[in-house]
Amino acid sequence: MSKEKQLLFPFAAIVGQEQMKAALLLNVADPGVGGVLIKGEKGTAKSTTVRSLAQVLPEVEHVRGCAYHCDPRRRGGLCQNCAEAAASGAELERERSPMRVVELPLSATEDRIAGTLDIEHVLQTGKKKFEPGVLAQANGNLLYVDEVNLLEDHMVDLLLDAAAMGVNYVEREGISFEHPSRFILVGSMNPEEGDIRPQLLDRFGLCVEIRGERDLRTRADIVERRLAFDADPEGFTEAFADETRRIRDSVLEARGILSRTSPDKETIALASHVALYFEMEGHRADITMVRAARAHAALDGREGADKEDIAAVAPMVLTHRIKRKPFEDSKFDIGELRICLQDF
């Protein structure tokens with residue numbers, strides 16, 4: 001374990017906030033779930049949990065030396081250099097490295113996020129020169145945006161375009177450049193500091209709303225573990241090494257299960273039934289629910305999802321998509337979900 005990871009509070013040692021941890025792991029097991037938005041008051045371990053996820057992220061394969069960490073299996077989604085090398089018949093050299101948590105600074109400029117084209121170099125040499133930005137670093141990784149609700153609108157548009165297409169497209173003075181940018185989008189915010197744009201809200205596959213723990217014993221455990229970590233980060237991290245490996249192994253096993261199985265018709269029908277019951281618009285909720293339910297089952301070592309898996313993920317899929325009247329309670333009604341599942 002690297003020193004950088006040792007200095008992160010262990011993901012395995014985080015007390016409570018089970019839904020937040022589950023939502024993150026569902027996305028790591030299947031990035032197609034579509035990311036997660038974590039909403040909660042300050043001091044609820046949002047940033048700590050996301051950053052500590054780096055300890056349980058699996059290794060991924062990419063092209064050695066590529067600035068964009070191209071996935072060699074995606075021949076239709078390579079950067080220009082890798083695509084030209086593959087077209088010439090060259091063998092793309094591969095290597096494996098752990099996924100990373102790439103953070104988007106709130107003060108980042110558009111060029112810092114998207115990258116920059118050197119127009120002068122193009123005019124002088126006729127060749128494109130591109131300086132990669134955060135979206136290049138994020139390819140194949142997890143992109144974390146803290147205080148996502150405070151992002152400026154044009155920054156939000158950049159993220160939405162890249163998240164939707166899996167490609168970062170930059171154009172300056174009629175000259176364009178593009179590179180792959182497929183990432184797991186994770187955002188966190190304090191609702192007291194403002195709302196989030198509806199266009200961005202719907203882009204997150206899952207949403208969890210968390211609060212500070214109210215149980216005395218649980219709060220004491222949180223404080224005790226934090227103080228123990230501050231006193232001896234390396235020793236504390238080592239104490240949770242076995243649990244960290246277990247979580248990482250469960251993610252790898254889940255990815256294997258999902259890669260060799262397909263969603264069954266009953267799971268699809270059940271997800272659509274739930275989406276119709278809660279009057280979802282479009283089909284994004286249905287698709288996300290199927291993927292999340294399958295990932296939930298796979299993390300438990302099972303190949304097929306059932307009603308309990310749907311019940312576990314539906315609140316995360318539907319909470320931010322249900323249309324409510326002004327001043328209406330935003331808490332998801334679990335009782336209604338149970339009634340819905342019994343009717344199927």
# chains A, B, ... in the order shown; residues from 1 in each chain; ligands from 1

$ residues_around --residues "Glu147 in chain A" --least-positions-apart "6" --cutoff "9 Å" --atoms "only C-alpha atoms" --output "compact mmCIF listing (two decimals) with N, CA, C and O atoms, in the first residue's frame"
# COMPACT_ATOMS: atom_id res chain seq x y z
N LEU A 106 -12.81 23.43 -7.44
CA LEU A 106 -13.95 24.31 -7.63
C LEU A 106 -13.55 25.58 -8.38
O LEU A 106 -14.35 26.16 -9.12
N GLY A 187 -20.53 13.53 -7.30
CA GLY A 187 -20.63 14.89 -6.80
C GLY A 187 -21.12 14.89 -5.36
O GLY A 187 -21.84 13.99 -4.93
N SER A 188 -20.74 15.90 -4.62
CA SER A 188 -21.25 16.05 -3.26
C SER A 188 -21.63 17.51 -3.05
O SER A 188 -21.08 18.41 -3.69
N MET A 189 -22.59 17.72 -2.16
CA MET A 189 -23.07 19.08 -1.92
C MET A 189 -23.79 19.17 -0.59
O MET A 189 -24.27 18.18 -0.07
N ASN A 190 -23.82 20.38 -0.06
CA ASN A 190 -24.61 20.70 1.12
C ASN A 190 -25.84 21.46 0.64
O ASN A 190 -25.73 22.59 0.14
N GLU A 193 -26.44 25.20 0.91
CA GLU A 193 -25.66 26.17 0.15
C GLU A 193 -26.21 26.40 -1.25
O GLU A 193 -25.56 27.04 -2.08

$ residues_around --residues "range 230-244 of chain A" --least-positions-apart "5" --cutoff "9 Å" --atoms "only C-alpha atoms" --output "list in words"
Lys3, Gln6, Leu7, Leu8, Phe9, Pro10, Phe11, Ala12, Ala13, Gln55, Val56, Arg225 and Asp249 of chain A

$ write_last_selection --atoms "all heavy atoms" --output "mmCIF file, in the first residue's frame"
data_model
loop_
_atom_site.group_PDB
_atom_site.id
_atom_site.type_symbol
_atom_site.label_atom_id
_atom_site.label_comp_id
_atom_site.auth_asym_id
_atom_site.auth_seq_id
_atom_site.Cartn_x
_atom_site.Cartn_y
_atom_site.Cartn_z
ATOM 1 N N LYS A 3 2.173 5.158 0.402
ATOM 2 C CA LYS A 3 2.056 6.070 1.544
ATOM 3 C C LYS A 3 0.865 6.993 1.379
ATOM 4 O O LYS A 3 0.173 7.321 2.343
ATOM 5 C CB LYS A 3 3.354 6.878 1.685
ATOM 6 C CG LYS A 3 3.392 7.710 2.966
ATOM 7 C CD LYS A 3 4.750 8.297 3.159
ATOM 8 C CE LYS A 3 4.834 9.076 4.442
ATOM 9 N NZ LYS A 3 4.539 8.294 5.622
ATOM 10 N N GLN A 6 -2.128 5.222 2.481
ATOM 11 C CA GLN A 6 -2.122 4.998 3.919
ATOM 12 C C GLN A 6 -2.613 6.230 4.674
ATOM 13 O O GLN A 6 -3.191 6.113 5.739
ATOM 14 C CB GLN A 6 -0.709 4.635 4.388
ATOM 15 C CG GLN A 6 -0.290 3.214 4.016
ATOM 16 C CD GLN A 6 1.113 2.913 4.495
ATOM 17 O OE1 GLN A 6 1.973 3.780 4.472
ATOM 18 N NE2 GLN A 6 1.362 1.690 4.902
ATOM 19 N N LEU A 7 -2.385 7.414 4.119
ATOM 20 C CA LEU A 7 -2.764 8.636 4.804
ATOM 21 C C LEU A 7 -4.238 8.970 4.619
ATOM 22 O O LEU A 7 -4.728 9.917 5.203
ATOM 23 C CB LEU A 7 -1.890 9.797 4.300
ATOM 24 C CG LEU A 7 -0.398 9.656 4.609
ATOM 25 C CD1 LEU A 7 0.368 10.833 4.035
ATOM 26 C CD2 LEU A 7 -0.158 9.543 6.113
ATOM 27 N N LEU A 8 -4.938 8.198 3.793
ATOM 28 C CA LEU A 8 -6.372 8.369 3.651
ATOM 29 C C LEU A 8 -7.079 7.546 4.726
ATOM 30 O O LEU A 8 -6.698 6.410 4.989
ATOM 31 C CB LEU A 8 -6.843 7.894 2.273
ATOM 32 C CG LEU A 8 -6.385 8.703 1.062
ATOM 33 C CD1 LEU A 8 -6.758 7.969 -0.208
ATOM 34 C CD2 LEU A 8 -7.005 10.092 1.082
ATOM 35 N N PHE A 9 -8.115 8.127 5.321
ATOM 36 C CA PHE A 9 -8.894 7.368 6.286
ATOM 37 C C PHE A 9 -9.479 6.154 5.567
ATOM 38 O O PHE A 9 -10.056 6.279 4.480
ATOM 39 C CB PHE A 9 -10.021 8.230 6.853
ATOM 40 C CG PHE A 9 -10.717 7.610 8.028
ATOM 41 C CD1 PHE A 9 -10.256 7.833 9.313
ATOM 42 C CD2 PHE A 9 -11.829 6.807 7.843
ATOM 43 C CE1 PHE A 9 -10.895 7.260 10.402
ATOM 44 C CE2 PHE A 9 -12.476 6.222 8.923
ATOM 45 C CZ PHE A 9 -12.002 6.451 10.218
ATOM 46 N N PRO A 10 -9.337 4.945 6.126
ATOM 47 C CA PRO A 10 -9.777 3.736 5.423
ATOM 48 C C PRO A 10 -11.271 3.720 5.117
ATOM 49 O O PRO A 10 -12.095 3.986 5.994
ATOM 50 C CB PRO A 10 -9.412 2.607 6.402
ATOM 51 C CG PRO A 10 -8.346 3.183 7.276
ATOM 52 C CD PRO A 10 -8.690 4.639 7.418
ATOM 53 N N PHE A 11 -11.598 3.398 3.887
ATOM 54 C CA PHE A 11 -12.998 3.247 3.491
ATOM 55 C C PHE A 11 -13.676 2.203 4.366
ATOM 56 O O PHE A 11 -14.830 2.366 4.784
ATOM 57 C CB PHE A 11 -13.060 2.825 2.012
ATOM 58 C CG PHE A 11 -14.442 2.698 1.458
ATOM 59 C CD1 PHE A 11 -15.110 3.809 0.966
ATOM 60 C CD2 PHE A 11 -15.086 1.470 1.421
ATOM 61 C CE1 PHE A 11 -16.398 3.700 0.449
ATOM 62 C CE2 PHE A 11 -16.371 1.353 0.913
ATOM 63 C CZ PHE A 11 -17.031 2.477 0.423
ATOM 64 N N ALA A 12 -12.950 1.139 4.671
ATOM 65 C CA ALA A 12 -13.508 0.042 5.471
ATOM 66 C C ALA A 12 -13.785 0.448 6.913
ATOM 67 O O ALA A 12 -14.529 -0.236 7.619
ATOM 68 C CB ALA A 12 -12.547 -1.150 5.448
ATOM 69 N N ALA A 13 -13.199 1.556 7.369
ATOM 70 C CA ALA A 13 -13.354 1.967 8.764
ATOM 71 C C ALA A 13 -14.448 3.008 8.957
ATOM 72 O O ALA A 13 -14.732 3.400 10.093
ATOM 73 C CB ALA A 13 -12.029 2.533 9.289
ATOM 74 N N GLN A 55 -8.855 3.369 -2.036
ATOM 75 C CA GLN A 55 -8.217 2.188 -1.450
ATOM 76 C C GLN A 55 -8.830 0.878 -1.932
ATOM 77 O O GLN A 55 -8.199 -0.174 -1.840
ATOM 78 C CB GLN A 55 -8.305 2.258 0.076
ATOM 79 C CG GLN A 55 -7.587 3.446 0.674
ATOM 80 C CD GLN A 55 -7.817 3.560 2.167
ATOM 81 O OE1 GLN A 55 -8.839 3.094 2.688
ATOM 82 N NE2 GLN A 55 -6.882 4.170 2.866
ATOM 83 N N VAL A 56 -10.057 0.920 -2.416
ATOM 84 C CA VAL A 56 -10.727 -0.324 -2.825
ATOM 85 C C VAL A 56 -11.013 -0.356 -4.322
ATOM 86 O O VAL A 56 -11.685 -1.264 -4.805
ATOM 87 C CB VAL A 56 -12.041 -0.538 -2.036
ATOM 88 C CG1 VAL A 56 -11.748 -0.671 -0.545
ATOM 89 C CG2 VAL A 56 -13.035 0.594 -2.282
ATOM 90 N N ARG A 225 -12.748 6.370 16.247
ATOM 91 C CA ARG A 225 -11.940 5.935 15.098
ATOM 92 C C ARG A 225 -11.158 7.097 14.488
ATOM 93 O O ARG A 225 -10.013 6.930 14.065
ATOM 94 C CB ARG A 225 -12.832 5.282 14.048
ATOM 95 C CG ARG A 225 -13.383 3.937 14.490
ATOM 96 C CD ARG A 225 -14.054 3.198 13.349
ATOM 97 N NE ARG A 225 -14.572 1.904 13.784
ATOM 98 C CZ ARG A 225 -15.037 0.959 12.965
ATOM 99 N NH1 ARG A 225 -15.066 1.186 11.658
ATOM 100 N NH2 ARG A 225 -15.474 -0.182 13.441
ATOM 101 N N ASP A 249 -11.804 -7.202 -3.328
ATOM 102 C CA ASP A 249 -12.041 -8.499 -3.980
ATOM 103 C C ASP A 249 -13.502 -8.653 -4.389
ATOM 104 O O ASP A 249 -13.808 -9.228 -5.444
ATOM 105 C CB ASP A 249 -11.640 -9.648 -3.043
ATOM 106 C CG ASP A 249 -10.133 -9.762 -2.868
ATOM 107 O OD1 ASP A 249 -9.390 -9.150 -3.665
ATOM 108 O OD2 ASP A 249 -9.701 -10.443 -1.913
#

$ atom_distance --atom1 "CA of Val208 in chain A" --atom2 "CA of Gln19 in chain A"
6.8 Å

$ residues_around --residues "Val170 in chain A" --least-positions-apart "5" --cutoff "9 Å" --atoms "only C-alpha atoms" --output "list in words"
Ala114, Gly115, Thr116, Leu117, Ile175, Ser176, Phe177, Glu178 and His179 of chain A

$ write_last_selection --atoms "N, CA and C atoms" --output "compact mmCIF listing (two decimals), in the first residue's frame"
# COMPACT_ATOMS: atom_id res chain seq x y z
N ALA A 114 -11.02 21.21 -19.53
CA ALA A 114 -11.09 20.58 -20.85
C ALA A 114 -9.75 20.38 -21.50
N GLY A 115 -8.74 21.17 -21.12
CA GLY A 115 -7.45 21.11 -21.79
C GLY A 115 -7.34 22.26 -22.80
N THR A 116 -6.15 22.48 -23.32
CA THR A 116 -5.92 23.62 -24.22
C THR A 116 -5.24 23.20 -25.51
N LEU A 117 -5.64 23.86 -26.59
CA LEU A 117 -5.00 23.69 -27.89
C LEU A 117 -4.01 24.83 -28.10
N ILE A 175 -10.13 25.03 -35.05
CA ILE A 175 -9.30 23.82 -34.92
C ILE A 175 -9.85 23.00 -33.76
N SER A 176 -10.01 21.71 -33.99
CA SER A 176 -10.62 20.86 -32.97
C SER A 176 -9.73 19.69 -32.58
N PHE A 177 -10.00 19.17 -31.39
CA PHE A 177 -9.27 18.00 -30.88
C PHE A 177 -10.22 17.27 -29.94
N GLU A 178 -10.15 15.95 -29.96
CA GLU A 178 -10.98 15.18 -29.04
C GLU A 178 -10.21 14.00 -28.49
N HIS A 179 -10.62 13.55 -27.32
CA HIS A 179 -10.00 12.37 -26.70
C HIS A 179 -11.06 11.69 -25.83

$ select_by_dssp --residues "range 61-130 of chain A" --states "strand (DSSP E or B)" --output "NGL selection string"
:A and (61-63 or 94-98 or 101-103 or 116-117 or 130)

$ closest_residue --among "A:Pro180, A:Gly256, A:Pro315, A:Pro191" --to "Gly76 in chain A" --atoms "only C-alpha atoms"
A:Pro180

$ atom_distance --atom1 "CA of Ile210 in chain A" --atom2 "CA of Phe278 in chain A"
21.9 Å

$ closest_residue --among "A:Gln80, A:Gln124, A:Thr319, A:Thr288" --to "Gly35 in chain A" --atoms "only C-alpha atoms"
A:Thr288

$ closest_atom_pairs --of "range 77-171 of chain A" --to "range 64-69 of chain A" --cutoff "8 Å" --atoms "only C-alpha atoms" --output "CSV"
residue,atom,partner,partner_atom,distance
A:Cys79,CA,A:Tyr68,CA,7.2
A:Cys82,CA,A:Cys66,CA,7.6
A:Leu92,CA,A:Arg64,CA,7.8
A:Glu93,CA,A:Arg64,CA,5.6
A:Arg94,CA,A:Arg64,CA,5.2
A:Glu95,CA,A:Arg64,CA,5.6
A:Pro132,CA,A:Ala67,CA,7.6
A:Ala136,CA,A:Tyr68,CA,5.3
A:Gln137,CA,A:Tyr68,CA,6.5
A:Asn139,CA,A:Tyr68,CA,6.4
A:Gly140,CA,A:His69,CA,7.0

$ closest_residue --among "A:Ile322, A:Val63, A:Val145, A:Ala108" --to "Ala86 in chain A" --atoms "only C-alpha atoms"
A:Val63

$ closest_residue --among "A:Lys21, A:His154, A:Lys265, A:Arg74" --to "Ile38 in chain A" --atoms "only C-alpha atoms"
A:Lys21

$ residues_around --residues "Val313 in chain A" --least-positions-apart "6" --cutoff "8 Å" --atoms "only C-alpha atoms" --output "list in words"
Met289, Ala292, Ala293 and His296 of chain A

$ write_last_selection --atoms "all heavy atoms" --output "compact mmCIF listing (two decimals), in the first residue's frame"
# COMPACT_ATOMS: atom_id res chain seq x y z
N MET A 289 -31.97 1.45 -12.83
CA MET A 289 -32.42 0.53 -11.78
C MET A 289 -31.98 -0.91 -12.09
O MET A 289 -31.56 -1.64 -11.19
CB MET A 289 -33.94 0.60 -11.63
CG MET A 289 -34.42 0.15 -10.25
SD MET A 289 -36.22 0.29 -10.05
CE MET A 289 -36.55 1.92 -10.70
N ALA A 292 -28.15 -1.06 -11.52
CA ALA A 292 -27.81 -0.97 -10.10
C ALA A 292 -28.23 -2.22 -9.35
O ALA A 292 -27.50 -2.71 -8.47
CB ALA A 292 -28.48 0.26 -9.48
N ALA A 293 -29.39 -2.78 -9.68
CA ALA A 293 -29.85 -4.01 -9.01
C ALA A 293 -28.92 -5.18 -9.33
O ALA A 293 -28.61 -5.99 -8.45
CB ALA A 293 -31.28 -4.33 -9.45
N HIS A 296 -25.79 -4.70 -7.40
CA HIS A 296 -26.04 -4.98 -5.98
C HIS A 296 -25.97 -6.49 -5.73
O HIS A 296 -25.37 -6.95 -4.74
CB HIS A 296 -27.41 -4.43 -5.58
CG HIS A 296 -27.70 -4.51 -4.12
ND1 HIS A 296 -28.34 -5.59 -3.53
CD2 HIS A 296 -27.43 -3.64 -3.10
CE1 HIS A 296 -28.45 -5.38 -2.23
NE2 HIS A 296 -27.91 -4.20 -1.94

$ residues_around --residues "Ala275 in chain A" --least-positions-apart "2" --cutoff "12 Å" --atoms "only C-alpha atoms" --output "PyMOL selection string"
chain A and resi 268-273+277-290+310+314-315+317-319+321-322+337+340-341

$ atom_distance --atom1 "CA of Ala85 in chain A" --atom2 "CA of Asn168 in chain A"
20.3 Å

$ residues_around --residues "range 194-201 of chain A" --least-positions-apart "6" --cutoff "8 Å" --atoms "only C-alpha atoms" --output "PyMOL selection string"
chain A and resi 37+148-150+156+160+320

$ closest_residue --among "A:Asp153, A:Cys70, A:Val186, A:Glu59" --to "Lys46 in chain A" --atoms "only C-alpha atoms"
A:Val186

$ select_by_dssp --residues "range 77-241 of chain A" --states "alpha helix (DSSP H)" --output "PyMOL selection string"
chain A and resi 80-87+110-114+119-125+134-138+153-165+198-201+216-231+233-239+241
